[in-house]
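*Asks:* Take a look at this one; I'll ask things after.
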Amino acid sequence: MRSTILAEAFHNLRPVAPFGMSADPPPAQEPSLLEVGRLVAPQGLHGEVRVLPLSDFPERFTSPGERWLRSRQGAIRPVHLLAGRPLPGKELYVLRLAGVDSRTAAEALVGHLLLASAADRPALEPGEFHLLDLEGLQVRLLADGSLIGRVRDLIHGGNDLLEVELEDGNRRVLIPFVEAIVPEVRLEEGWIGLTPPPGLLDL
């Protein structure tokens, strides 16, 4: 079985323009950002905050360094992550952010999105793929090389499912991302190859 695709912000995987509301590409000196978590509640009395992860990379929440916060109104500001840890028994992390030193300050951040630089991507293990690398790839049938569509999204579950928009533009199908069905991934060449079982592309 192929390794899990590692992704971030499944509901919005495209880089965010960090300093303004424009949809235009950001200037070269401004980093493209990814949504990696949502601040959901204060933790204790001293400014720590709970974060719901939107990333498969624990390093986004445990490795100190530069991050950004995006308010509900869309304003983005830099913040320094001092420390982070998983919350036992829950799919949450607890973060300590520079300048946030009271429960009141932490409460004011509830609903903000935690962002990280798209360029600062954690290393992948052999056989792992980042969804950002798969989005937009051509999807071909290995039997004859014919182009059938493009990867548009991921459904994350027990098995990862690639959402593929077919070339006719009228339909999308879900392709299990397992080696028996997707034996070829050619990132540098811009395509993946399928050997689908009968009927899969008709679903």
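Note on naming: chains are A, B, ... as they come in the structure tokens, residues start from 1 per chain, ligands start from 1 in the order shown.
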What lies within 6 Å of stretch 103-108 of chain A using only C-alpha atoms, ignoring chain neighbours under 6 positions off, as a ChimeraX atom specification?
*Replies:* /A:42,45-47,49
*Asks:* Find, counting only C-alpha atoms, the residue in A:Ala41, A:Val173, A:Leu187, A:Leu161 that gets nearest to A:Leu132.
*Replies:*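 Among the listed residues, the smallest separation from A:Leu132 belongs to A:Leu187.
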*Asks:* Tell me, as a list in words, which residues lie within 10 Å of A:Leu95, counting only C-alpha atoms; anything in the same chain fewer than 3 positions away does not count.
*Replies:* Leu39, Pro42, Gln43, Gly47, Glu48, Val49, Arg50, Val51, Phe61, Thr62, Pro64, Leu81, Leu82, Ala83, Gly84, Arg85, Pro86, Leu87, Leu92 and Ala98 of chain A
*Asks:* Of the candidates A:Glu167, A:Glu189, A:Glu35, A:Asp202, which one gets nearest to A:Leu113 if we count only C-alpha atoms?
*Replies:*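 Of A:Glu167, A:Glu189, A:Glu35, A:Asp202, the one nearest A:Leu113, counting only C-alpha atoms, is A:Glu35.
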*Asks:* Which polymer residues have any atom within 12 Å of an atom of A:Val185, counting only C-alpha atoms, with same-chain residues fewer than 5 positions away left out, as a VMD selection string?
*Replies:* chain A and resid 2 127 to 130 133 to 134 137 to 140 142 151 177 to 179 190 to 194
*Asks:* The selected residues should be written to file as a PDB file, in the first residue's frame (atoms: N, CA and C atoms).
*Replies:*
ATOM      1  N   ARG A   2       0.521   2.224  -0.789  1.00  0.00           N
ATOM      2  CA  ARG A   2       1.285   3.450  -0.868  1.00  0.00           C
ATOM      3  C   ARG A   2       1.134   4.234   0.431  1.00  0.00           C
ATOM      4  N   GLY A 127       8.528   7.564  -0.367  1.00  0.00           N
ATOM      5  CA  GLY A 127       7.213   7.045  -0.696  1.00  0.00           C
ATOM      6  C   GLY A 127       6.069   7.916  -0.232  1.00  0.00           C
ATOM      7  N   GLU A 128       6.370   9.017   0.486  1.00  0.00           N
ATOM      8  CA  GLU A 128       5.327   9.943   0.894  1.00  0.00           C
ATOM      9  C   GLU A 128       5.249  11.098  -0.098  1.00  0.00           C
ATOM     10  N   PHE A 129       4.067  11.698  -0.162  1.00  0.00           N
ATOM     11  CA  PHE A 129       3.841  12.796  -1.094  1.00  0.00           C
ATOM     12  C   PHE A 129       3.051  13.884  -0.392  1.00  0.00           C
ATOM     13  N   HIS A 130       3.340  15.109  -0.759  1.00  0.00           N
ATOM     14  CA  HIS A 130       2.588  16.238  -0.236  1.00  0.00           C
ATOM     15  C   HIS A 130       1.487  16.561  -1.239  1.00  0.00           C
ATOM     16  N   ASP A 133       1.997  18.945  -3.997  1.00  0.00           N
ATOM     17  CA  ASP A 133       2.745  18.489  -5.161  1.00  0.00           C
ATOM     18  C   ASP A 133       1.874  17.703  -6.133  1.00  0.00           C
ATOM     19  N   LEU A 134       0.795  17.120  -5.618  1.00  0.00           N
ATOM     20  CA  LEU A 134      -0.061  16.291  -6.468  1.00  0.00           C
ATOM     21  C   LEU A 134      -1.157  17.088  -7.161  1.00  0.00           C
ATOM     22  N   LEU A 137      -1.691  17.687 -11.173  1.00  0.00           N
ATOM     23  CA  LEU A 137      -1.007  16.721 -12.026  1.00  0.00           C
ATOM     24  C   LEU A 137      -1.974  16.082 -13.017  1.00  0.00           C
ATOM     25  N   GLN A 138      -1.460  15.810 -14.205  1.00  0.00           N
ATOM     26  CA  GLN A 138      -2.236  15.042 -15.173  1.00  0.00           C
ATOM     27  C   GLN A 138      -2.433  13.617 -14.657  1.00  0.00           C
ATOM     28  N   VAL A 139      -3.568  13.040 -14.990  1.00  0.00           N
ATOM     29  CA  VAL A 139      -3.857  11.647 -14.645  1.00  0.00           C
ATOM     30  C   VAL A 139      -3.983  10.872 -15.952  1.00  0.00           C
ATOM     31  N   ARG A 140      -3.123   9.862 -16.105  1.00  0.00           N
ATOM     32  CA  ARG A 140      -3.083   9.090 -17.354  1.00  0.00           C
ATOM     33  C   ARG A 140      -3.355   7.618 -17.075  1.00  0.00           C
ATOM     34  N   LEU A 142      -2.102   4.021 -17.661  1.00  0.00           N
ATOM     35  CA  LEU A 142      -0.820   3.442 -18.040  1.00  0.00           C
ATOM     36  C   LEU A 142      -0.939   2.503 -19.225  1.00  0.00           C
ATOM     37  N   VAL A 151      -5.646  15.926 -11.072  1.00  0.00           N
ATOM     38  CA  VAL A 151      -5.889  15.852  -9.630  1.00  0.00           C
ATOM     39  C   VAL A 151      -6.338  17.223  -9.135  1.00  0.00           C
ATOM     40  N   PHE A 177      -5.650   6.133  -3.469  1.00  0.00           N
ATOM     41  CA  PHE A 177      -4.220   6.348  -3.683  1.00  0.00           C
ATOM     42  C   PHE A 177      -3.439   5.188  -3.076  1.00  0.00           C
ATOM     43  N   VAL A 178      -3.568   4.043  -3.725  1.00  0.00           N
ATOM     44  CA  VAL A 178      -2.846   2.834  -3.340  1.00  0.00           C
ATOM     45  C   VAL A 178      -2.024   2.391  -4.543  1.00  0.00           C
ATOM     46  N   GLU A 179      -0.939   1.670  -4.272  1.00  0.00           N
ATOM     47  CA  GLU A 179       0.012   1.365  -5.336  1.00  0.00           C
ATOM     48  C   GLU A 179      -0.577   0.496  -6.430  1.00  0.00           C
ATOM     49  N   GLY A 190       5.073  15.783 -14.193  1.00  0.00           N
ATOM     50  CA  GLY A 190       3.743  16.379 -14.093  1.00  0.00           C
ATOM     51  C   GLY A 190       2.577  15.437 -14.298  1.00  0.00           C
ATOM     52  N   TRP A 191       2.761  14.126 -13.997  1.00  0.00           N
ATOM     53  CA  TRP A 191       1.634  13.219 -14.180  1.00  0.00           C
ATOM     54  C   TRP A 191       1.703  12.033 -13.235  1.00  0.00           C
ATOM     55  N   ILE A 192       0.546  11.397 -13.037  1.00  0.00           N
ATOM     56  CA  ILE A 192       0.465  10.117 -12.343  1.00  0.00           C
ATOM     57  C   ILE A 192      -0.195   9.121 -13.275  1.00  0.00           C
ATOM     58  N   GLY A 193       0.146   7.840 -13.095  1.00  0.00           N
ATOM     59  CA  GLY A 193      -0.385   6.796 -13.968  1.00  0.00           C
ATOM     60  C   GLY A 193      -1.286   5.836 -13.213  1.00  0.00           C
ATOM     61  N   LEU A 194      -2.415   5.507 -13.833  1.00  0.00           N
ATOM     62  CA  LEU A 194      -3.411   4.635 -13.212  1.00  0.00           C
ATOM     63  C   LEU A 194      -3.497   3.287 -13.904  1.00  0.00           C
TER      64      LEU A 194
END
*Asks:* From the list A:Ile181, A:Val79, A:Leu69, A:Ala119, which residue is nearest A:Leu162 when using only C-alpha atoms?
*Replies:*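 Counting only C-alpha atoms, the residue closest to A:Leu162 is A:Ile181.
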*Asks:* Which distance in Å separates atom CA of A:Trp68 and atom CA of A:Glu91, to one decimal?
*Replies:* 21.2 Å
